[in-house]
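Please read the structure below before turning to the comments.
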Amino acid sequence: MPERIHASSKGSQLLIEAEAVRIGSDVLIYLWGGERPHIGSVAAAQAGPSLKDPAQSCATASVLTFPGHKEDVIVKEAAESLAAALDVNVVVTAGMHWDDLSAEQIAVVVTNCRAVVHELLVKLQRVES
């Protein structure tokens, strides 16, 4: 059974939760939150050498977003950053929903997603070593 790693934006009114699962050397991440968690967007990223500096790793992602959902920016950024940092294939899916969020609250959700993804990265790197 693959190991599951959990992270969350504890203490936040706009709670984001996430899990990472290693599938072989690859990683599957799912993020959720809000009143009606769901699957809104999916990104698949592959690591490779940077075109500017082949000694550096980077990643590129393909994204699928269901109509009416806006998690595409979150999954693309998360998948590319994790794939580049871990040098593996990464799939990220996200779905979170709160009614009537303000622009400031949406910014908090994005910040919380970034923090949770970073926490998962740290935990995944710890498992590797």
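Ligands are numbered from 1 in the order shown, chains are lettered A, B, ... in the order of the structure tokens, and residues start at 1 in each chain.
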Item checked: strand (DSSP E) per DSSP on the backbone: members of chain A, as a PyMOL selection string -> chain A and resi 4-8+16-23+26-34+41-49+57-65+90-97
Exercise: Gln13 in chain A partners within 12 Å, only C-alpha atoms, chain neighbours under 2 positions left out, as a short mmCIF file (atom, residue, chain, number, x, y, z; two decimals) with N, CA, C and O atoms, in the first residue's frame:
data_model
loop_
_atom_site.label_atom_id
_atom_site.label_comp_id
_atom_site.auth_asym_id
_atom_site.auth_seq_id
_atom_site.Cartn_x
_atom_site.Cartn_y
_atom_site.Cartn_z
N SER A 8 -2.17 20.29 5.94
CA SER A 8 -3.33 21.17 5.95
C SER A 8 -2.92 22.57 6.39
O SER A 8 -1.87 22.75 7.00
N SER A 9 -3.76 23.52 6.06
CA SER A 9 -3.52 24.91 6.46
C SER A 9 -4.23 25.15 7.79
O SER A 9 -5.18 25.92 7.89
N LYS A 10 -3.75 24.48 8.82
CA LYS A 10 -4.37 24.55 10.14
C LYS A 10 -4.49 26.00 10.60
O LYS A 10 -3.65 26.83 10.31
N GLY A 11 -5.55 26.28 11.34
CA GLY A 11 -5.72 27.61 11.90
C GLY A 11 -6.30 28.62 10.93
O GLY A 11 -6.49 29.77 11.28
N LEU A 15 -9.79 26.56 5.30
CA LEU A 15 -8.94 25.38 5.46
C LEU A 15 -8.74 24.65 4.13
O LEU A 15 -9.70 24.35 3.43
N ILE A 16 -7.49 24.38 3.82
CA ILE A 16 -7.11 23.54 2.68
C ILE A 16 -6.45 22.29 3.25
O ILE A 16 -5.60 22.38 4.13
N GLY A 33 -11.04 21.49 -0.13
CA GLY A 33 -11.44 22.40 0.92
C GLY A 33 -12.81 22.98 0.66
O GLY A 33 -13.39 22.79 -0.41
N GLY A 34 -13.31 23.66 1.66
CA GLY A 34 -14.57 24.36 1.50
C GLY A 34 -15.78 23.53 1.83
O GLY A 34 -15.70 22.45 2.39
N GLU A 35 -16.92 24.11 1.44
CA GLU A 35 -18.21 23.51 1.75
C GLU A 35 -18.54 22.31 0.85
O GLU A 35 -19.31 21.44 1.24
N TRP A 98 -16.23 27.59 -1.69
CA TRP A 98 -16.93 28.38 -0.69
C TRP A 98 -17.82 29.34 -1.45
O TRP A 98 -17.42 29.87 -2.49
N LEU A 101 -16.92 34.19 -2.06
CA LEU A 101 -15.62 34.65 -1.55
C LEU A 101 -15.27 36.00 -2.16
O LEU A 101 -15.50 36.25 -3.34
N GLN A 105 -10.27 36.92 0.06
CA GLN A 105 -10.40 35.54 0.51
C GLN A 105 -9.86 34.56 -0.52
O GLN A 105 -9.24 33.55 -0.16
N ILE A 106 -10.07 34.84 -1.79
CA ILE A 106 -9.51 33.99 -2.84
C ILE A 106 -7.98 34.01 -2.76
O ILE A 106 -7.33 32.97 -2.89
N VAL A 108 -6.25 34.40 -0.07
CA VAL A 108 -5.91 33.57 1.09
C VAL A 108 -5.94 32.10 0.71
O VAL A 108 -5.06 31.32 1.09
N VAL A 109 -6.94 31.68 -0.06
CA VAL A 109 -7.03 30.29 -0.50
C VAL A 109 -5.80 29.92 -1.32
O VAL A 109 -5.18 28.86 -1.10
N ASN A 112 -2.87 29.63 0.99
CA ASN A 112 -2.97 28.40 1.77
C ASN A 112 -2.62 27.18 0.94
O ASN A 112 -1.96 26.26 1.43
#
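Here the question is which of A:Gly48, A:Ala107, A:Ser81, A:Val63 gets nearest to Leu120 in chain A using only C-alpha atoms, and that residue is A:Ser81.
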Next item on the list: For CA of Asp53 in chain A and CA of Ala84 in chain A, determine how far apart the two atoms are, in Å to one decimal place.
Entry: 13.3 Å
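Between Ser57 in chain A and the residues A:Glu3, A:Asp26, A:Asp87, A:Glu71, the shortest atom-to-atom distance, using only C-alpha atoms, involves A:Asp87.
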Checklist line | Gap from CA of Asn89 in chain A to CA of Thr65 in chain A - Å, one decimal | finding: 19.1 Å
Notebook entry, point to check: So which residues touch Ile23 in chain A within 12 Å, counting only C-alpha atoms, skipping near sequence neighbours fewer than 5 positions away, as an NGL selection string?
Noted result: :A and (1-4 or 28-29 or 88-91)
Test item, helix (DSSP H, G or I) assignment across range 14-118 of chain A, answer as a PDB file with C-alpha atoms, in the first residue's frame:
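Output (states.pdb):
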ATOM      1  CA  ASP A  72      -6.337  25.386 -12.905  1.00  0.00           C
ATOM      2  CA  VAL A  73      -3.769  27.946 -11.738  1.00  0.00           C
ATOM      3  CA  ILE A  74      -3.346  26.125  -8.416  1.00  0.00           C
ATOM      4  CA  VAL A  75      -2.823  22.651  -9.914  1.00  0.00           C
ATOM      5  CA  LYS A  76      -0.459  23.841 -12.670  1.00  0.00           C
ATOM      6  CA  GLU A  77       1.800  25.724 -10.268  1.00  0.00           C
ATOM      7  CA  ALA A  78       1.781  22.887  -7.734  1.00  0.00           C
ATOM      8  CA  ALA A  79       2.476  20.138 -10.282  1.00  0.00           C
ATOM      9  CA  GLU A  80       5.325  22.014 -11.968  1.00  0.00           C
ATOM     10  CA  SER A  81       7.012  23.048  -8.730  1.00  0.00           C
ATOM     11  CA  LEU A  82       6.785  19.559  -7.211  1.00  0.00           C
ATOM     12  CA  ALA A  83       7.929  17.782 -10.389  1.00  0.00           C
ATOM     13  CA  ALA A  84      10.933  20.113 -10.761  1.00  0.00           C
ATOM     14  CA  ALA A  85      11.903  19.805  -7.088  1.00  0.00           C
ATOM     15  CA  LEU A  86      11.473  16.024  -6.881  1.00  0.00           C
ATOM     16  CA  ALA A 103     -10.960  38.772  -3.860  1.00  0.00           C
ATOM     17  CA  GLU A 104      -9.029  38.907  -0.578  1.00  0.00           C
ATOM     18  CA  GLN A 105     -10.403  35.537   0.512  1.00  0.00           C
ATOM     19  CA  ILE A 106      -9.507  33.994  -2.844  1.00  0.00           C
ATOM     20  CA  ALA A 107      -5.944  35.275  -2.332  1.00  0.00           C
ATOM     21  CA  VAL A 108      -5.909  33.575   1.088  1.00  0.00           C
ATOM     22  CA  VAL A 109      -7.034  30.291  -0.503  1.00  0.00           C
ATOM     23  CA  VAL A 110      -4.220  30.504  -3.074  1.00  0.00           C
ATOM     24  CA  THR A 111      -1.684  31.308  -0.329  1.00  0.00           C
ATOM     25  CA  ASN A 112      -2.972  28.403   1.775  1.00  0.00           C
ATOM     26  CA  CYS A 113      -2.677  26.049  -1.211  1.00  0.00           C
ATOM     27  CA  ARG A 114       0.930  27.128  -1.769  1.00  0.00           C
ATOM     28  CA  ALA A 115       1.749  26.593   1.912  1.00  0.00           C
ATOM     29  CA  VAL A 116       0.181  23.123   1.924  1.00  0.00           C
ATOM     30  CA  VAL A 117       2.024  22.126  -1.258  1.00  0.00           C
ATOM     31  CA  HIS A 118       5.292  23.351   0.269  1.00  0.00           C
TER      32      HIS A 118
END
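Relative to CA of Ser12 in chain A, CA of Thr93 in chain A is found at 20.9 Å.
Among the candidates A:Asp99, A:Glu19, A:Glu128, A:Glu119, the residue lying nearest to His6 in chain A is A:Glu19 (atoms considered: only C-alpha atoms).
Candidate residues A:Ile39, A:Val122, A:Ala7, A:Leu31 were compared for distance to Gly68 in chain A, and the nearest is A:Ile39, using only C-alpha atoms.
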